[in-house]
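Novice: Quick one: this structure, given as C-alpha cells, is what I'll be asking you about.
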Amino acid sequence: MGLKTPADTLLQRFRKSPIDGDSMSNHTTTFRSCLLLWVLTYCGLAIGVEIQTVPIGLTDNLDDVNRVANDGTCCYGAVPYKYRIGQYEVTNEQYTEYLNAIAASDPYDVYNPEMGTHIRGGISRSGESGSYTYSVRPNMANKPVNFILVWDAMRFVNWLHNGQPTGAQDASTTEDGVYTLNGVNSFSWTEPFDAPKNNTVGRNEGARWFLPSEDEWYKSAYYDPRTEAQGGPPGDTHYWYYGTQSNQAPQLARTDAEGNVINPGPNVANYRHSALWNSAVGNVANVGGANSATYFGAFDQAGNVWEWTDTIIEKSFSDGLRPYRGVRGGCWDDWFWMFNAFRRPYGGDNSGDCHGLRVARAFSADDLNGDGTLDVEDIDLLSAQVRQRTLNTAYDLDDDQIVDRDDRRFWVEHVAKTYFGDANLDGQFNSSDIVHVSTINEYEDGIEANSTWATGDWDGDGEFSSGDFVYAFMHDGYELGPRQSRIAAVPEPSCGIIVLLIFAVALRSSFVRK
C-alpha cells in the first residue's frame, strides 16, 4: 500500500556514504542520483500513486430485489459490464502524493485544513500559497483519507485519469477528464440552487478511472454469485447484508496504539467507535487491517470511512428537488449504516471525518492484476483463477461464461500475442526459453505449486514438469519467430545494461574515494 518507488529506495541507498563516517562529493552524489532517477524513469519503474484494484465480472447479475433502502427506494447492484474497483480505500499517503503534485497553490481547496488539525485527520500542510508542501501525519500513512468533498474525490479521479501530472489545478490535471468540473466546488443552499452544476457533472465517455456508481459500489460490496450450498448468501439471494460476506453484523475491530487492527478475521469491521487510539473515542484504522473481504476481494466496504459514489440522488424539499451525491458503506462511528439497505445523500459541500473515497477503473484484459502492465503476473493470476474454478467472469476472456484453459490460450495468443513456452516473454518460443527455465531449478522439484509462467509452468497447474514441455510443443509455436508480443519482457535487456552501468559508477566512486 505504500508509495515508495524503486527510485526512492535506491536513491536513499546511493545517497548514503559507502563508508560510515565518510562524506562524498556533492557533485558525485548529485550525478549518481540524477542518473539513477533518469534510468528508473526510462525503464518505467517510477510509479507514483499505485492503487490496487480487483476485477469484477458476472455481467448478467440482477439487482438486489430483496432489500428496500431506508429512503424507500429499491433494487441496486446490476452492472452489465466488467470493471475494476479499488481493493482498499484511498489512503493519506496516496492523497498526499496527489497534493504535492497539484496543490502548491490550492484554488479549489482539495486540501481541507481539518486534515492537519483534527485528531482523525492525516495530512499536514506547510508553506505559503504558491509553495505549499504536504506531509503525512504520524501513524496516518495507511489510514483512509477523510474530510473529502465529492468534488475533491472527482478531482483526484481526474488526476489519475490524466496520468498523474504535476502542475496547477486546470483542465490538464484536475478540472477535466472523467468529470468536467470547471471550478465547481460547492453546493448552495440558497436560491438559486446550483443544481444545474451538480446535475450536469457526470462521468464522461472513455473514463479510465472514476468514482464508482452506486450500483458498481453495491455489487462489489454485497454480490456473491455462489449458491447457499456453495457458501453463498442464504436462500440463494446472491447478496449479503454486509460487505464482509456475512448476514451477521461484523465484529468490532480493535486496534493498538498506532491504529493497527489486532483482531483481524473474516467478519470484522471498524465501526461503532471500536478503534480506540491516539486519544480518540473512535478513529480510522489501517486500510485492509480488519482482513474482511467481499467476494471480489475488496476490503473495508463495511467500515472505516464512507465512500463517495458519482450517482446523483435527488431529495424532495418544499421548494423542489435538490441534487445530492450518495455515499455508501460504514464509518468508524456508525452503528448501522454499513448495512446494505442504507444509503446516504450529501450535498457537494459536505465533508467530515467520515467522508473518504474508493476509486474504480475500466476493465482491460491487457492488465488482469491491475498494476498497469501486461506481464507475467497477469497470466499467473489467470492460471490461479482457472485452478480455483472461479465464478468471477472478469477472467472469462473468450466470453463463453466459464473461466477455463481456453481463457489462458486467449490471453497468450490474442492479448499478449505470444506463444506457450515463451518463458522469458520476448514474443517467441525458442531455445532461449528452454535455457531460461533450466537455470531456475524448479523442474519436478517436489515443492507444491511453486512454479510460474517464467519458471516453466506453461500448462497452468502451478508445477514445472514434463507436461509443460508437452503442452508448449503441442501448441506448435517453437522456433516460429516473434508474434509481435505486447508483453513487458522479463528481464528488459536495455534497462538491465544501464542499471549495471549505474552500479559500476557507484562502485567506482567508492574505490576512488578510498
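Order determines the names: the first chain of the C-alpha cells is A, the second B, and so forth; residues in each chain are numbered 1 upward, and ligands are numbered 1 upward as they are shown.
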Pull the closest atom pair for each residue of range 330-405 of chain A that gets at most 7 Å from range 68-71 of chain A, along with the distance in Å to one decimal, counting only C-alpha atoms, ordering rows by chain and then ascending residue number, as CSV.

Specialist:
```
residue,atom,partner,partner_atom,distance
A:Ala341,CA,A:Ala69,CA,4.3
A:Phe342,CA,A:Asn70,CA,5.3
A:Arg343,CA,A:Ala69,CA,6.8
```

Novice: Please provide as a PyMOL selection string all residues within 6 Å of range 206-214 of chain A, with the sequence filter that same-chain residues fewer than 6 positions apart are discarded (counting only C-alpha atoms).

Specialist: chain A and resi 157+161+178+309-311+359-362

Novice: Just want the 8 Å neighbourhood of range 115-119 of chain A, counted on only C-alpha atoms, with same-chain residues fewer than 6 positions away dropped. Output as a list in words.

Specialist: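 Skipping anything fewer than 6 positions along the chain leaves Arg125, Arg137, Asn146, Phe147, Asn278 and Ala280 of chain A.
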
Novice: Excluding Met338 in chain A and residues on its chain fewer than 6 positions from it, collect all residues at most 12 Å away from it, counting only C-alpha atoms, and give them as a PDB file with C-alpha atoms, in the first residue's frame.

Specialist:
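Dumped everything to result39.pdb:
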```pdb
ATOM      1  CA  TYR A 218     -23.142  -2.086  -4.234  1.00  0.00           C
ATOM      2  CA  ALA A 221     -19.581  -4.947  -1.705  1.00  0.00           C
ATOM      3  CA  TYR A 222     -22.516  -7.332  -1.442  1.00  0.00           C
ATOM      4  CA  TRP A 240     -25.039 -10.344   1.546  1.00  0.00           C
ATOM      5  CA  TYR A 241     -26.335  -7.888   4.170  1.00  0.00           C
ATOM      6  CA  TYR A 242     -22.814  -6.703   4.946  1.00  0.00           C
ATOM      7  CA  GLY A 243     -19.695  -6.142   2.857  1.00  0.00           C
ATOM      8  CA  THR A 244     -17.878  -8.891   4.720  1.00  0.00           C
ATOM      9  CA  SER A 246     -21.930 -12.159   6.041  1.00  0.00           C
ATOM     10  CA  ASN A 247     -25.544 -11.624   7.096  1.00  0.00           C
ATOM     11  CA  GLN A 248     -24.422 -11.211  10.706  1.00  0.00           C
ATOM     12  CA  ALA A 249     -23.244  -7.820  11.952  1.00  0.00           C
ATOM     13  CA  PRO A 250     -19.427  -7.694  11.875  1.00  0.00           C
ATOM     14  CA  VAL A 268     -14.600  -7.745  11.315  1.00  0.00           C
ATOM     15  CA  ALA A 269     -15.144  -4.037  10.614  1.00  0.00           C
ATOM     16  CA  ASN A 270     -14.143  -0.693  12.086  1.00  0.00           C
ATOM     17  CA  TYR A 271     -17.414   0.881  13.213  1.00  0.00           C
ATOM     18  CA  ARG A 272     -19.260   1.946  16.346  1.00  0.00           C
ATOM     19  CA  ASP A 300     -13.404  -2.086   4.342  1.00  0.00           C
ATOM     20  CA  GLN A 301     -16.684  -1.748   2.488  1.00  0.00           C
ATOM     21  CA  ALA A 302     -18.380  -2.228   5.869  1.00  0.00           C
ATOM     22  CA  GLY A 303     -16.459   0.343   7.875  1.00  0.00           C
ATOM     23  CA  ASN A 304     -13.620   2.854   8.322  1.00  0.00           C
ATOM     24  CA  VAL A 305     -14.998   5.769   6.217  1.00  0.00           C
ATOM     25  CA  TRP A 306     -17.982   6.397   3.977  1.00  0.00           C
ATOM     26  CA  GLU A 307     -17.119   6.341   0.298  1.00  0.00           C
ATOM     27  CA  VAL A 327     -22.070   7.746  -0.087  1.00  0.00           C
ATOM     28  CA  ARG A 328     -22.060   4.047   0.743  1.00  0.00           C
ATOM     29  CA  GLY A 329     -20.507   1.807   3.353  1.00  0.00           C
ATOM     30  CA  GLY A 330     -19.856   2.175   7.062  1.00  0.00           C
ATOM     31  CA  CYS A 331     -17.753   4.597   9.080  1.00  0.00           C
ATOM     32  CA  TRP A 332     -15.740   4.338  12.291  1.00  0.00           C
ATOM     33  CA  ARG A 344     -26.810   8.435   2.497  1.00  0.00           C
TER      34      ARG A 344
END
```

Novice: Pick out the residues sitting within 9 Å of range 65-67 of chain A, and hand them over as JSON, numbers by chain; count only C-alpha atoms, and ignore anything fewer than 6 positions along from it in its own chain.

Specialist: {"A": [73, 74, 75, 76, 237, 239, 241, 340, 341]}

Novice: Output C-alpha atoms for every residue in that selection, as a PDB file, in the first residue's frame.

Specialist:
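Wrote result_16.pdb, looks like this:
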```pdb
ATOM      1  CA  THR A  73     -36.007   3.021  -2.969  1.00  0.00           C
ATOM      2  CA  CYS A  74     -35.158  -0.472  -4.098  1.00  0.00           C
ATOM      3  CA  CYS A  75     -33.043  -2.657  -6.203  1.00  0.00           C
ATOM      4  CA  TYR A  76     -29.367  -1.922  -6.664  1.00  0.00           C
ATOM      5  CA  THR A 237     -30.297 -14.467  -2.906  1.00  0.00           C
ATOM      6  CA  TYR A 239     -26.478 -10.550  -1.950  1.00  0.00           C
ATOM      7  CA  TYR A 241     -26.335  -7.888   4.170  1.00  0.00           C
ATOM      8  CA  ASN A 340     -26.760  -2.818   2.528  1.00  0.00           C
ATOM      9  CA  ALA A 341     -30.212  -1.241   2.889  1.00  0.00           C
TER      10      ALA A 341
END
```

Novice: I'd like the neighbourhood of range 453-462 of chain A as a ChimeraX atom specification, where a residue qualifies if any of its atoms comes within 8 Å (using only C-alpha atoms), though same-chain residues fewer than 2 positions away should be ignored.

Specialist: /A:376,379-380,383-384,387,420-421,423-425,436-437,440,442-443,448-451,464-465,467-469,471-472

Novice: Could you take the residues named above and write them with N, CA and C atoms, as a PDB file, in the first residue's frame?

Specialist:
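Written out: result.pdb:
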```
ATOM      1  N   VAL A 376       3.962 -11.083 -16.935  1.00  0.00           N
ATOM      2  CA  VAL A 376       3.844 -12.469 -16.500  1.00  0.00           C
ATOM      3  C   VAL A 376       2.894 -12.616 -15.323  1.00  0.00           C
ATOM      4  N   ILE A 379      -0.732 -13.565 -16.461  1.00  0.00           N
ATOM      5  CA  ILE A 379      -1.007 -14.953 -16.827  1.00  0.00           C
ATOM      6  C   ILE A 379      -0.947 -15.846 -15.593  1.00  0.00           C
ATOM      7  N   ASP A 380      -0.082 -15.525 -14.633  1.00  0.00           N
ATOM      8  CA  ASP A 380      -0.043 -16.318 -13.398  1.00  0.00           C
ATOM      9  C   ASP A 380      -1.341 -16.155 -12.609  1.00  0.00           C
ATOM     10  N   SER A 383      -4.032 -18.131 -14.433  1.00  0.00           N
ATOM     11  CA  SER A 383      -3.849 -19.566 -14.191  1.00  0.00           C
ATOM     12  C   SER A 383      -4.381 -19.965 -12.820  1.00  0.00           C
ATOM     13  N   ALA A 384      -4.110 -19.127 -11.821  1.00  0.00           N
ATOM     14  CA  ALA A 384      -4.597 -19.415 -10.467  1.00  0.00           C
ATOM     15  C   ALA A 384      -6.117 -19.407 -10.422  1.00  0.00           C
ATOM     16  N   ARG A 387      -7.388 -22.622 -11.921  1.00  0.00           N
ATOM     17  CA  ARG A 387      -7.235 -23.742 -10.987  1.00  0.00           C
ATOM     18  C   ARG A 387      -8.293 -23.697  -9.886  1.00  0.00           C
ATOM     19  N   PHE A 420       2.743 -20.255 -26.075  1.00  0.00           N
ATOM     20  CA  PHE A 420       3.032 -21.087 -24.919  1.00  0.00           C
ATOM     21  C   PHE A 420       4.496 -21.515 -24.997  1.00  0.00           C
ATOM     22  N   GLY A 421       5.186 -21.427 -23.854  1.00  0.00           N
ATOM     23  CA  GLY A 421       6.611 -21.747 -23.818  1.00  0.00           C
ATOM     24  C   GLY A 421       7.500 -20.525 -23.807  1.00  0.00           C
ATOM     25  N   ALA A 423       8.893 -18.347 -22.015  1.00  0.00           N
ATOM     26  CA  ALA A 423       9.141 -18.098 -20.590  1.00  0.00           C
ATOM     27  C   ALA A 423       9.749 -16.735 -20.333  1.00  0.00           C
ATOM     28  N   ASN A 424      10.653 -16.280 -21.215  1.00  0.00           N
ATOM     29  CA  ASN A 424      11.313 -15.001 -20.973  1.00  0.00           C
ATOM     30  C   ASN A 424      10.576 -13.822 -21.598  1.00  0.00           C
ATOM     31  N   LEU A 425       9.399 -14.085 -22.140  1.00  0.00           N
ATOM     32  CA  LEU A 425       8.496 -13.040 -22.615  1.00  0.00           C
ATOM     33  C   LEU A 425       9.136 -12.100 -23.636  1.00  0.00           C
ATOM     34  N   HIS A 436      16.447 -20.711 -20.248  1.00  0.00           N
ATOM     35  CA  HIS A 436      15.967 -19.863 -19.148  1.00  0.00           C
ATOM     36  C   HIS A 436      15.376 -20.703 -18.019  1.00  0.00           C
ATOM     37  N   VAL A 437      14.447 -21.594 -18.338  1.00  0.00           N
ATOM     38  CA  VAL A 437      13.785 -22.364 -17.283  1.00  0.00           C
ATOM     39  C   VAL A 437      14.706 -23.418 -16.682  1.00  0.00           C
ATOM     40  N   ILE A 440      16.469 -22.302 -13.453  1.00  0.00           N
ATOM     41  CA  ILE A 440      15.655 -21.945 -12.287  1.00  0.00           C
ATOM     42  C   ILE A 440      15.636 -23.067 -11.247  1.00  0.00           C
ATOM     43  N   GLU A 442      13.448 -25.559 -10.852  1.00  0.00           N
ATOM     44  CA  GLU A 442      12.141 -25.905 -10.303  1.00  0.00           C
ATOM     45  C   GLU A 442      11.533 -27.130 -11.001  1.00  0.00           C
ATOM     46  N   TYR A 443      12.262 -27.709 -11.940  1.00  0.00           N
ATOM     47  CA  TYR A 443      11.728 -28.850 -12.669  1.00  0.00           C
ATOM     48  C   TYR A 443      11.517 -30.039 -11.729  1.00  0.00           C
ATOM     49  N   GLU A 448       5.152 -28.096  -3.882  1.00  0.00           N
ATOM     50  CA  GLU A 448       3.824 -27.966  -4.465  1.00  0.00           C
ATOM     51  C   GLU A 448       3.527 -26.533  -4.914  1.00  0.00           C
ATOM     52  N   ALA A 449       3.066 -26.408  -6.164  1.00  0.00           N
ATOM     53  CA  ALA A 449       2.535 -25.159  -6.728  1.00  0.00           C
ATOM     54  C   ALA A 449       3.470 -23.966  -6.552  1.00  0.00           C
ATOM     55  N   ASN A 450       4.773 -24.166  -6.765  1.00  0.00           N
ATOM     56  CA  ASN A 450       5.721 -23.071  -6.587  1.00  0.00           C
ATOM     57  C   ASN A 450       6.197 -22.473  -7.907  1.00  0.00           C
ATOM     58  N   SER A 451       5.695 -22.980  -9.027  1.00  0.00           N
ATOM     59  CA  SER A 451       6.204 -22.535 -10.320  1.00  0.00           C
ATOM     60  C   SER A 451       5.261 -21.535 -10.981  1.00  0.00           C
ATOM     61  N   PHE A 464       6.233 -27.184 -12.637  1.00  0.00           N
ATOM     62  CA  PHE A 464       7.069 -27.278 -13.832  1.00  0.00           C
ATOM     63  C   PHE A 464       7.492 -28.729 -13.978  1.00  0.00           C
ATOM     64  N   SER A 465       6.948 -29.376 -15.006  1.00  0.00           N
ATOM     65  CA  SER A 465       7.205 -30.801 -15.204  1.00  0.00           C
ATOM     66  C   SER A 465       7.267 -31.093 -16.701  1.00  0.00           C
ATOM     67  N   GLY A 467       5.073 -32.312 -18.416  1.00  0.00           N
ATOM     68  CA  GLY A 467       3.800 -31.931 -19.020  1.00  0.00           C
ATOM     69  C   GLY A 467       3.821 -30.541 -19.609  1.00  0.00           C
ATOM     70  N   ASP A 468       4.642 -29.654 -19.057  1.00  0.00           N
ATOM     71  CA  ASP A 468       4.713 -28.303 -19.586  1.00  0.00           C
ATOM     72  C   ASP A 468       5.400 -28.275 -20.945  1.00  0.00           C
ATOM     73  N   PHE A 469       6.432 -29.097 -21.117  1.00  0.00           N
ATOM     74  CA  PHE A 469       7.068 -29.173 -22.430  1.00  0.00           C
ATOM     75  C   PHE A 469       6.095 -29.736 -23.460  1.00  0.00           C
ATOM     76  N   TYR A 471       2.871 -29.577 -23.350  1.00  0.00           N
ATOM     77  CA  TYR A 471       1.820 -28.578 -23.574  1.00  0.00           C
ATOM     78  C   TYR A 471       2.309 -27.476 -24.516  1.00  0.00           C
ATOM     79  N   ALA A 472       3.548 -26.998 -24.304  1.00  0.00           N
ATOM     80  CA  ALA A 472       4.083 -25.935 -25.141  1.00  0.00           C
ATOM     81  C   ALA A 472       4.294 -26.398 -26.574  1.00  0.00           C
TER      82      ALA A 472
END
```

Novice: Quick one: of A:Glu93, A:Glu258, A:Glu228, A:Asp349, who's nearest to Val184 in chain A, counting only C-alpha atoms?

Specialist: A:Asp349

Novice: If we count only C-alpha atoms and set the cut-off at 12 Å, which residues sit around Asn142 in chain A, ignoring sequence neighbours fewer than 2 positions away in its own chain? Please answer as a ChimeraX atom specification.

Specialist: /A:1-3,88-96,122-123,136-140,144-145,258-261,284-289,304
